[in-house]
>>> print(open('upload_3.cif').read())   # mmCIF, C-alpha atoms
data_protein
#
loop_
_atom_site.group_PDB
_atom_site.id
_atom_site.type_symbol
_atom_site.label_atom_id
_atom_site.label_comp_id
_atom_site.auth_asym_id
_atom_site.auth_seq_id
_atom_site.Cartn_x
_atom_site.Cartn_y
_atom_site.Cartn_z
ATOM 1 C CA MET A 1 -221.321 80.396 -70.884
ATOM 2 C CA THR A 2 -220.449 77.856 -73.583
ATOM 3 C CA VAL A 3 -223.176 76.186 -75.638
ATOM 4 C CA GLU A 4 -222.593 72.508 -76.345
ATOM 5 C CA PRO A 5 -223.795 71.063 -79.643
ATOM 6 C CA GLY A 6 -226.414 68.296 -79.667
ATOM 7 C CA MET A 7 -228.932 67.278 -77.069
ATOM 8 C CA PRO A 8 -227.758 67.936 -73.468
ATOM 9 C CA ARG A 9 -227.316 64.955 -71.162
ATOM 10 C CA TRP A 10 -230.004 66.159 -68.733
ATOM 11 C CA VAL A 11 -232.596 66.057 -71.555
ATOM 12 C CA LYS A 12 -231.636 62.432 -72.364
ATOM 13 C CA VAL A 13 -231.884 61.433 -68.671
ATOM 14 C CA PHE A 14 -235.215 63.254 -68.448
ATOM 15 C CA GLY A 15 -236.500 61.426 -71.534
ATOM 16 C CA ILE A 16 -235.404 57.991 -70.281
ATOM 17 C CA VAL A 17 -236.948 58.517 -66.819
ATOM 18 C CA GLY A 18 -240.169 59.881 -68.365
ATOM 19 C CA LEU A 19 -240.427 56.972 -70.812
ATOM 20 C CA ALA A 20 -239.790 54.444 -68.015
ATOM 21 C CA LEU A 21 -242.553 55.994 -65.876
ATOM 22 C CA VAL A 22 -245.014 55.969 -68.794
ATOM 23 C CA LEU A 23 -244.153 52.296 -69.549
ATOM 24 C CA ILE A 24 -244.568 51.252 -65.889
ATOM 25 C CA PHE A 25 -247.915 53.060 -65.738
ATOM 26 C CA ALA A 26 -249.090 51.444 -69.025
ATOM 27 C CA VAL A 27 -247.995 47.936 -67.949
ATOM 28 C CA LEU A 28 -249.704 48.316 -64.545
ATOM 29 C CA HIS A 29 -252.916 49.434 -66.258
ATOM 30 C CA LEU A 30 -252.847 46.624 -68.850
ATOM 31 C CA THR A 31 -252.176 43.947 -66.217
ATOM 32 C CA GLY A 32 -254.944 45.232 -63.966
ATOM 33 C CA HIS A 33 -252.610 46.384 -61.207
ATOM 34 C CA ALA A 34 -253.270 50.069 -61.665
ATOM 35 C CA VAL A 35 -252.914 52.275 -58.615
ATOM 36 C CA GLY A 36 -256.301 53.468 -57.411
ATOM 37 C CA GLY A 37 -259.369 52.145 -59.147
ATOM 38 C CA HIS A 38 -262.419 52.798 -61.185
ATOM 39 C CA MET A 39 -265.675 54.243 -60.001
ATOM 40 C CA PRO A 40 -268.416 51.728 -59.294
ATOM 41 C CA HIS A 41 -271.361 51.851 -61.680
ATOM 42 C CA GLN A 42 -274.150 54.025 -60.388
ATOM 43 C CA MET B 1 -243.989 89.097 -81.071
ATOM 44 C CA THR B 2 -242.027 90.790 -78.296
ATOM 45 C CA LEU B 3 -243.715 92.191 -75.208
ATOM 46 C CA THR B 4 -242.877 95.633 -73.878
ATOM 47 C CA PRO B 5 -240.897 95.573 -70.586
ATOM 48 C CA ILE B 6 -243.922 96.509 -68.453
ATOM 49 C CA ILE B 7 -246.236 93.963 -70.097
ATOM 50 C CA ARG B 8 -243.479 91.352 -69.812
ATOM 51 C CA LYS B 9 -243.134 91.966 -66.071
ATOM 52 C CA VAL B 10 -246.909 91.822 -65.585
ATOM 53 C CA ALA B 11 -247.100 88.562 -67.594
ATOM 54 C CA LEU B 12 -244.180 87.057 -65.663
ATOM 55 C CA THR B 13 -245.730 88.021 -62.311
ATOM 56 C CA ALA B 14 -249.082 86.543 -63.374
ATOM 57 C CA HIS B 15 -247.365 83.339 -64.525
ATOM 58 C CA VAL B 16 -245.425 82.918 -61.250
ATOM 59 C CA ILE B 17 -248.513 83.637 -59.103
ATOM 60 C CA THR B 18 -250.767 81.229 -61.000
ATOM 61 C CA SER B 19 -248.137 78.466 -61.256
ATOM 62 C CA VAL B 20 -247.093 78.558 -57.595
ATOM 63 C CA GLY B 21 -250.759 78.930 -56.612
ATOM 64 C CA TRP B 22 -251.569 75.800 -58.643
ATOM 65 C CA LEU B 23 -248.783 73.898 -56.863
ATOM 66 C CA GLY B 24 -250.045 75.014 -53.448
ATOM 67 C CA ALA B 25 -253.651 74.168 -54.305
ATOM 68 C CA VAL B 26 -252.634 70.647 -55.381
ATOM 69 C CA ALA B 27 -250.711 70.237 -52.093
ATOM 70 C CA ALA B 28 -253.868 71.275 -50.194
ATOM 71 C CA PHE B 29 -255.913 68.843 -52.315
ATOM 72 C CA LEU B 30 -253.465 66.037 -51.407
ATOM 73 C CA ALA B 31 -253.869 66.800 -47.685
ATOM 74 C CA LEU B 32 -257.678 66.634 -48.076
ATOM 75 C CA ALA B 33 -257.497 63.396 -50.097
ATOM 76 C CA ILE B 34 -255.259 61.773 -47.444
ATOM 77 C CA ALA B 35 -257.622 62.958 -44.676
ATOM 78 C CA GLY B 36 -260.582 61.531 -46.628
ATOM 79 C CA LEU B 37 -258.829 58.195 -47.104
ATOM 80 C CA THR B 38 -257.457 57.723 -43.583
ATOM 81 C CA SER B 39 -259.882 59.472 -41.235
ATOM 82 C CA VAL B 40 -262.308 57.381 -39.200
ATOM 83 C CA GLU B 41 -264.445 60.416 -38.314
ATOM 84 C CA PRO B 42 -267.451 60.593 -40.707
ATOM 85 C CA PRO B 43 -267.774 64.422 -40.513
ATOM 86 C CA MET B 44 -264.078 64.767 -41.408
ATOM 87 C CA VAL B 45 -264.434 62.357 -44.374
ATOM 88 C CA ARG B 46 -267.510 64.206 -45.639
ATOM 89 C CA ALA B 47 -265.878 67.630 -45.242
ATOM 90 C CA ALA B 48 -262.683 66.456 -46.955
ATOM 91 C CA TYR B 49 -264.424 65.197 -50.119
ATOM 92 C CA LEU B 50 -266.761 68.176 -50.349
ATOM 93 C CA ALA B 51 -263.709 70.439 -50.042
ATOM 94 C CA THR B 52 -261.743 68.550 -52.743
ATOM 95 C CA ASP B 53 -264.547 69.209 -55.235
ATOM 96 C CA LEU B 54 -264.738 72.914 -54.364
ATOM 97 C CA THR B 55 -260.947 73.267 -54.427
ATOM 98 C CA THR B 56 -260.794 71.574 -57.834
ATOM 99 C CA TRP B 57 -263.408 73.716 -59.560
ATOM 100 C CA PHE B 58 -262.782 77.082 -57.898
ATOM 101 C CA VAL B 59 -259.024 77.024 -57.364
ATOM 102 C CA ILE B 60 -257.145 74.287 -59.238
ATOM 103 C CA VAL B 61 -258.909 74.456 -62.627
ATOM 104 C CA PRO B 62 -258.749 78.305 -62.906
ATOM 105 C CA LEU B 63 -255.100 78.413 -61.767
ATOM 106 C CA CYS B 64 -254.136 75.552 -64.079
ATOM 107 C CA THR B 65 -255.754 77.274 -67.081
ATOM 108 C CA ALA B 66 -254.242 80.653 -66.200
ATOM 109 C CA SER B 67 -250.789 79.132 -65.647
ATOM 110 C CA LEU B 68 -250.873 77.411 -69.042
ATOM 111 C CA LEU B 69 -252.061 80.548 -70.863
ATOM 112 C CA THR B 70 -249.680 82.980 -69.131
ATOM 113 C CA GLY B 71 -246.808 80.530 -69.722
ATOM 114 C CA ILE B 72 -247.528 80.430 -73.460
ATOM 115 C CA VAL B 73 -247.820 84.245 -73.616
ATOM 116 C CA GLN B 74 -244.611 84.579 -71.615
ATOM 117 C CA SER B 75 -242.615 82.243 -73.864
ATOM 118 C CA LEU B 76 -243.976 83.644 -77.146
ATOM 119 C CA GLY B 77 -243.490 87.229 -75.999
ATOM 120 C CA THR B 78 -239.875 86.872 -74.908
ATOM 121 C CA THR B 79 -236.648 85.610 -76.435
ATOM 122 C CA TRP B 80 -237.135 82.221 -74.738
ATOM 123 C CA GLY B 81 -239.633 81.163 -77.417
ATOM 124 C CA LEU B 82 -241.995 78.198 -77.188
ATOM 125 C CA VAL B 83 -239.834 75.539 -78.870
ATOM 126 C CA ARG B 84 -236.359 77.086 -78.714
ATOM 127 C CA HIS B 85 -235.094 75.750 -75.384
ATOM 128 C CA TYR B 86 -235.416 72.198 -74.104
ATOM 129 C CA TRP B 87 -236.507 73.276 -70.619
ATOM 130 C CA VAL B 88 -239.374 75.382 -72.019
ATOM 131 C CA VAL B 89 -240.644 72.523 -74.208
ATOM 132 C CA ILE B 90 -240.394 69.968 -71.383
ATOM 133 C CA LYS B 91 -242.168 72.337 -68.983
ATOM 134 C CA LEU B 92 -244.916 72.907 -71.561
ATOM 135 C CA VAL B 93 -245.331 69.139 -72.083
ATOM 136 C CA LEU B 94 -245.502 68.566 -68.299
ATOM 137 C CA THR B 95 -248.087 71.350 -67.925
ATOM 138 C CA LEU B 96 -250.215 69.974 -70.780
ATOM 139 C CA LEU B 97 -249.941 66.487 -69.262
ATOM 140 C CA ALA B 98 -250.985 67.738 -65.819
ATOM 141 C CA THR B 99 -253.873 69.714 -67.359
ATOM 142 C CA GLY B 100 -255.086 66.660 -69.302
ATOM 143 C CA VAL B 101 -254.895 64.377 -66.268
ATOM 144 C CA LEU B 102 -256.729 66.991 -64.187
ATOM 145 C CA ALA B 103 -259.498 67.196 -66.811
ATOM 146 C CA LEU B 104 -259.855 63.388 -66.738
ATOM 147 C CA HIS B 105 -259.942 63.182 -62.955
ATOM 148 C CA THR B 106 -262.591 65.802 -62.262
ATOM 149 C CA GLN B 107 -265.043 62.888 -62.656
ATOM 150 C CA PRO B 108 -263.878 60.738 -59.683
ATOM 151 C CA ILE B 109 -263.503 63.924 -57.608
ATOM 152 C CA ALA B 110 -267.126 64.910 -58.305
ATOM 153 C CA TYR B 111 -268.211 61.302 -57.719
ATOM 154 C CA MET B 112 -266.617 61.236 -54.251
ATOM 155 C CA ALA B 113 -268.117 64.619 -53.350
ATOM 156 C CA ARG B 114 -271.595 63.383 -54.348
ATOM 157 C CA ALA B 115 -271.130 60.141 -52.396
ATOM 158 C CA ALA B 116 -269.933 62.041 -49.306
ATOM 159 C CA ALA B 117 -272.887 64.441 -49.507
ATOM 160 C CA GLU B 118 -275.480 61.667 -49.903
ATOM 161 C CA ARG B 119 -274.365 59.177 -47.246
ATOM 162 C CA THR B 120 -271.963 58.475 -44.430
ATOM 163 C CA LEU B 121 -268.843 56.788 -45.750
ATOM 164 C CA ALA B 122 -267.325 54.007 -43.675
ATOM 165 C CA THR B 123 -263.549 53.464 -43.653
ATOM 166 C CA GLY B 124 -263.556 50.814 -46.400
ATOM 167 C CA ASP B 125 -266.218 52.368 -48.665
ATOM 168 C CA LEU B 126 -265.078 53.317 -52.195
ATOM 169 C CA ARG B 127 -261.500 52.651 -51.129
ATOM 170 C CA ASP B 128 -260.257 52.340 -54.742
ATOM 171 C CA VAL B 129 -261.554 55.760 -55.792
ATOM 172 C CA ARG B 130 -260.323 57.350 -52.561
ATOM 173 C CA GLY B 131 -256.880 55.823 -53.093
ATOM 174 C CA GLN B 132 -256.917 57.026 -56.695
ATOM 175 C CA LEU B 133 -257.407 60.637 -55.554
ATOM 176 C CA VAL B 134 -254.358 60.383 -53.257
ATOM 177 C CA PHE B 135 -252.256 58.820 -56.033
ATOM 178 C CA ASP B 136 -253.354 61.374 -58.659
ATOM 179 C CA ALA B 137 -252.686 64.337 -56.366
ATOM 180 C CA SER B 138 -249.239 62.937 -55.438
ATOM 181 C CA ALA B 139 -248.335 62.441 -59.113
ATOM 182 C CA ALA B 140 -249.595 65.939 -59.993
ATOM 183 C CA LEU B 141 -247.577 67.457 -57.143
ATOM 184 C CA LEU B 142 -244.421 65.683 -58.346
ATOM 185 C CA VAL B 143 -244.951 66.886 -61.944
ATOM 186 C CA LEU B 144 -245.531 70.470 -60.766
ATOM 187 C CA LEU B 145 -242.433 70.386 -58.546
ATOM 188 C CA VAL B 146 -240.342 69.258 -61.532
ATOM 189 C CA ALA B 147 -241.875 72.018 -63.706
ATOM 190 C CA THR B 148 -241.112 74.594 -61.006
ATOM 191 C CA ALA B 149 -237.518 73.372 -60.695
ATOM 192 C CA LEU B 150 -237.103 73.652 -64.490
ATOM 193 C CA ALA B 151 -238.435 77.225 -64.441
ATOM 194 C CA VAL B 152 -236.065 78.234 -61.643
ATOM 195 C CA LEU B 153 -232.921 76.428 -62.860
ATOM 196 C CA LYS B 154 -233.480 76.952 -66.619
ATOM 197 C CA PRO B 155 -230.995 74.226 -67.605
ATOM 198 C CA ARG B 156 -229.213 75.078 -70.829
ATOM 199 C CA GLY B 157 -229.771 73.431 -74.170
ATOM 200 C CA VAL B 158 -231.075 74.940 -77.401
ATOM 201 C CA ILE B 159 -233.160 72.878 -79.815
ATOM 202 C CA GLY B 160 -231.701 72.549 -83.301
ATOM 203 C CA TYR B 161 -228.287 73.954 -82.403
ATOM 204 C CA GLY B 162 -225.853 73.825 -85.352
ATOM 205 C CA ARG B 163 -228.442 73.467 -88.092
#
>>> encode(input="upload_3.cif", output="structure tokens")
Amino acid sequence: MTVEPGMPRWVKVFGIVGLALVLIFAVLHLTGHAVGGHMPHQ
Amino acid sequence: MTLTPIIRKVALTAHVITSVGWLGAVAAFLALAIAGLTSVEPPMVRAAYLATDLTTWFVIVPLCTASLLTGIVQSLGTTWGLVRHYWVVIKLVLTLLATGVLALHTQPIAYMARAAAERTLATGDLRDVRGQLVFDASAALLVLLVATALAVLKPRGVIGYGR
């Protein structure tokens, strides 16, 4: 098994997908389009 | 710190059991949350939300905690290390993320269980919270499936190679 120097491609893809998901989630929350909802006040 | 072979096998077995158990418990939670959201039978809705609360506190939370702890012991006690391989770090981050989200969402789970115990829920009642439980469980299941795949495949890549 050879070890390649630097960050592997799968880690970069993982990071980009993860960042995109976090951004989508943050934008949806900030614009009030979050999936699900908040609990009504009791 | 390196574990002896027997302790290492015990720790690995405990980690696999708790992690796969956590995944299965979240899948069961998702089935209950979907039943609670879509069922038109009041007894089924009530039973589903009461069961989600019990499943959370007596199965998911203990397995989640045990999985996190045994995973840390396993990585620190073997040559994998905690921050030596990318897949270990990413799996740890995913587990911490899932644990944090679970801790935050015990509140709506308990809220729905209380509501189901106190009154009969009609189809449209508390739809947002009920939908949130389905979404949260789906997201948690996806994260745990990715973590499981990482643990099985162990994709290569060492942090700080060449320094």
>>> residues_near_point(input="upload_3.cif", point="(-252.2, 61.8, -53.0)", cutoff="7 Å", atoms="all atoms listed in the file", output="compact mmCIF listing (two decimals) with C-alpha atoms, in the coordinates of the input")
# COMPACT_ATOMS: atom_id res chain seq x y z
CA LEU B 30 -253.46 66.04 -51.41
CA ALA B 33 -257.50 63.40 -50.10
CA ILE B 34 -255.26 61.77 -47.44
CA LEU B 133 -257.41 60.64 -55.55
CA VAL B 134 -254.36 60.38 -53.26
CA PHE B 135 -252.26 58.82 -56.03
CA ASP B 136 -253.35 61.37 -58.66
CA ALA B 137 -252.69 64.34 -56.37
CA SER B 138 -249.24 62.94 -55.44
>>> atom_distance(input="upload_3.cif", atom1="CA of Ile159 (chain B)", atom2="CA of Arg84 (chain B)")
5.4 Å
>>> resolve_selection(input="upload_3.cif", expression="the PyMOL selection byres ((chain B) within 8 of (chain A))", output="number ranges by chain")
B: 86, 108, 111, 126, 128-133, 135, 156-162
>>> write_last_selection(input="upload_3.cif", atoms="C-alpha atoms", output="CSV table (one decimal), in the coordinates of the input")
chain,number,residue,atom,x,y,z
B,86,TYR,CA,-235.4,72.2,-74.1
B,108,PRO,CA,-263.9,60.7,-59.7
B,111,TYR,CA,-268.2,61.3,-57.7
B,126,LEU,CA,-265.1,53.3,-52.2
B,128,ASP,CA,-260.3,52.3,-54.7
B,129,VAL,CA,-261.6,55.8,-55.8
B,130,ARG,CA,-260.3,57.4,-52.6
B,131,GLY,CA,-256.9,55.8,-53.1
B,132,GLN,CA,-256.9,57.0,-56.7
B,133,LEU,CA,-257.4,60.6,-55.6
B,135,PHE,CA,-252.3,58.8,-56.0
B,156,ARG,CA,-229.2,75.1,-70.8
B,157,GLY,CA,-229.8,73.4,-74.2
B,158,VAL,CA,-231.1,74.9,-77.4
B,159,ILE,CA,-233.2,72.9,-79.8
B,160,GLY,CA,-231.7,72.5,-83.3
B,161,TYR,CA,-228.3,74.0,-82.4
B,162,GLY,CA,-225.9,73.8,-85.4
>>> residues_around(input="upload_3.cif", residues="Thr95 (chain B)", least_positions_apart="2", cutoff="9 Å", atoms="all atoms listed in the file", output="PyMOL selection string")
chain B and resi 64+67-68+90-93+97-100+143-144+147
>>> write_last_selection(input="upload_3.cif", atoms="C-alpha atoms", output="compact mmCIF listing (two decimals), in the frame of the given file")
# COMPACT_ATOMS: atom_id res chain seq x y z
CA CYS B 64 -254.14 75.55 -64.08
CA SER B 67 -250.79 79.13 -65.65
CA LEU B 68 -250.87 77.41 -69.04
CA ILE B 90 -240.39 69.97 -71.38
CA LYS B 91 -242.17 72.34 -68.98
CA LEU B 92 -244.92 72.91 -71.56
CA VAL B 93 -245.33 69.14 -72.08
CA LEU B 97 -249.94 66.49 -69.26
CA ALA B 98 -250.98 67.74 -65.82
CA THR B 99 -253.87 69.71 -67.36
CA GLY B 100 -255.09 66.66 -69.30
CA VAL B 143 -244.95 66.89 -61.94
CA LEU B 144 -245.53 70.47 -60.77
CA ALA B 147 -241.88 72.02 -63.71
>>> residues_around(input="upload_3.cif", residues="Ile7 (chain B)", least_positions_apart="4", cutoff="12 Å", atoms="only C-alpha atoms", output="list in words")
Thr2, Leu3, Ala11, Leu12, Thr13, Ala14, Thr70, Val73, Gln74, Gly77 and Thr78 of chain B
>>> atom_distance(input="upload_3.cif", atom1="CA of Ala116 (chain B)", atom2="CA of Phe29 (chain B)")
15.9 Å
>>> residues_around(input="upload_3.cif", residues="Gly21 (chain B)", least_positions_apart="3", cutoff="12 Å", atoms="all atoms listed in the file", output="PyMOL selection string")
chain B and resi 13-18+24-28+55+59-67+141+144+148
>>> resolve_selection(input="upload_3.cif", expression="the PyMOL selection byres ((chain B and resi 45) around 9)", output="list in words")
Leu32, Ala35, Gly36, Leu37, Thr38, Ser39, Val40, Glu41, Pro42, Pro43, Met44, Arg46, Ala47, Ala48, Tyr49, Leu50, Ala116, Thr120, Leu121, Ala122 and Thr123 of chain B
>>> write_last_selection(input="upload_3.cif", atoms="C-alpha atoms", output="mmCIF file, in the frame of the given file")
data_model
loop_
_atom_site.group_PDB
_atom_site.id
_atom_site.type_symbol
_atom_site.label_atom_id
_atom_site.label_comp_id
_atom_site.auth_asym_id
_atom_site.auth_seq_id
_atom_site.Cartn_x
_atom_site.Cartn_y
_atom_site.Cartn_z
ATOM 1 C CA LEU B 32 -257.678 66.634 -48.076
ATOM 2 C CA ALA B 35 -257.622 62.958 -44.676
ATOM 3 C CA GLY B 36 -260.582 61.531 -46.628
ATOM 4 C CA LEU B 37 -258.829 58.195 -47.104
ATOM 5 C CA THR B 38 -257.457 57.723 -43.583
ATOM 6 C CA SER B 39 -259.882 59.472 -41.235
ATOM 7 C CA VAL B 40 -262.308 57.381 -39.200
ATOM 8 C CA GLU B 41 -264.445 60.416 -38.314
ATOM 9 C CA PRO B 42 -267.451 60.593 -40.707
ATOM 10 C CA PRO B 43 -267.774 64.422 -40.513
ATOM 11 C CA MET B 44 -264.078 64.767 -41.408
ATOM 12 C CA ARG B 46 -267.510 64.206 -45.639
ATOM 13 C CA ALA B 47 -265.878 67.630 -45.242
ATOM 14 C CA ALA B 48 -262.683 66.456 -46.955
ATOM 15 C CA TYR B 49 -264.424 65.197 -50.119
ATOM 16 C CA LEU B 50 -266.761 68.176 -50.349
ATOM 17 C CA ALA B 116 -269.933 62.041 -49.306
ATOM 18 C CA THR B 120 -271.963 58.475 -44.430
ATOM 19 C CA LEU B 121 -268.843 56.788 -45.750
ATOM 20 C CA ALA B 122 -267.325 54.007 -43.675
ATOM 21 C CA THR B 123 -263.549 53.464 -43.653
#
>>> atom_distance(input="upload_3.cif", atom1="CA of Trp87 (chain B)", atom2="CA of Ala151 (chain B)")
7.6 Å
>>> closest_residue(input="upload_3.cif", among="B:Leu102, B:Pro5, B:Leu94, B:Val10", to="Gly18 (chain A)", atoms="all atoms listed in the file")
B:Leu94
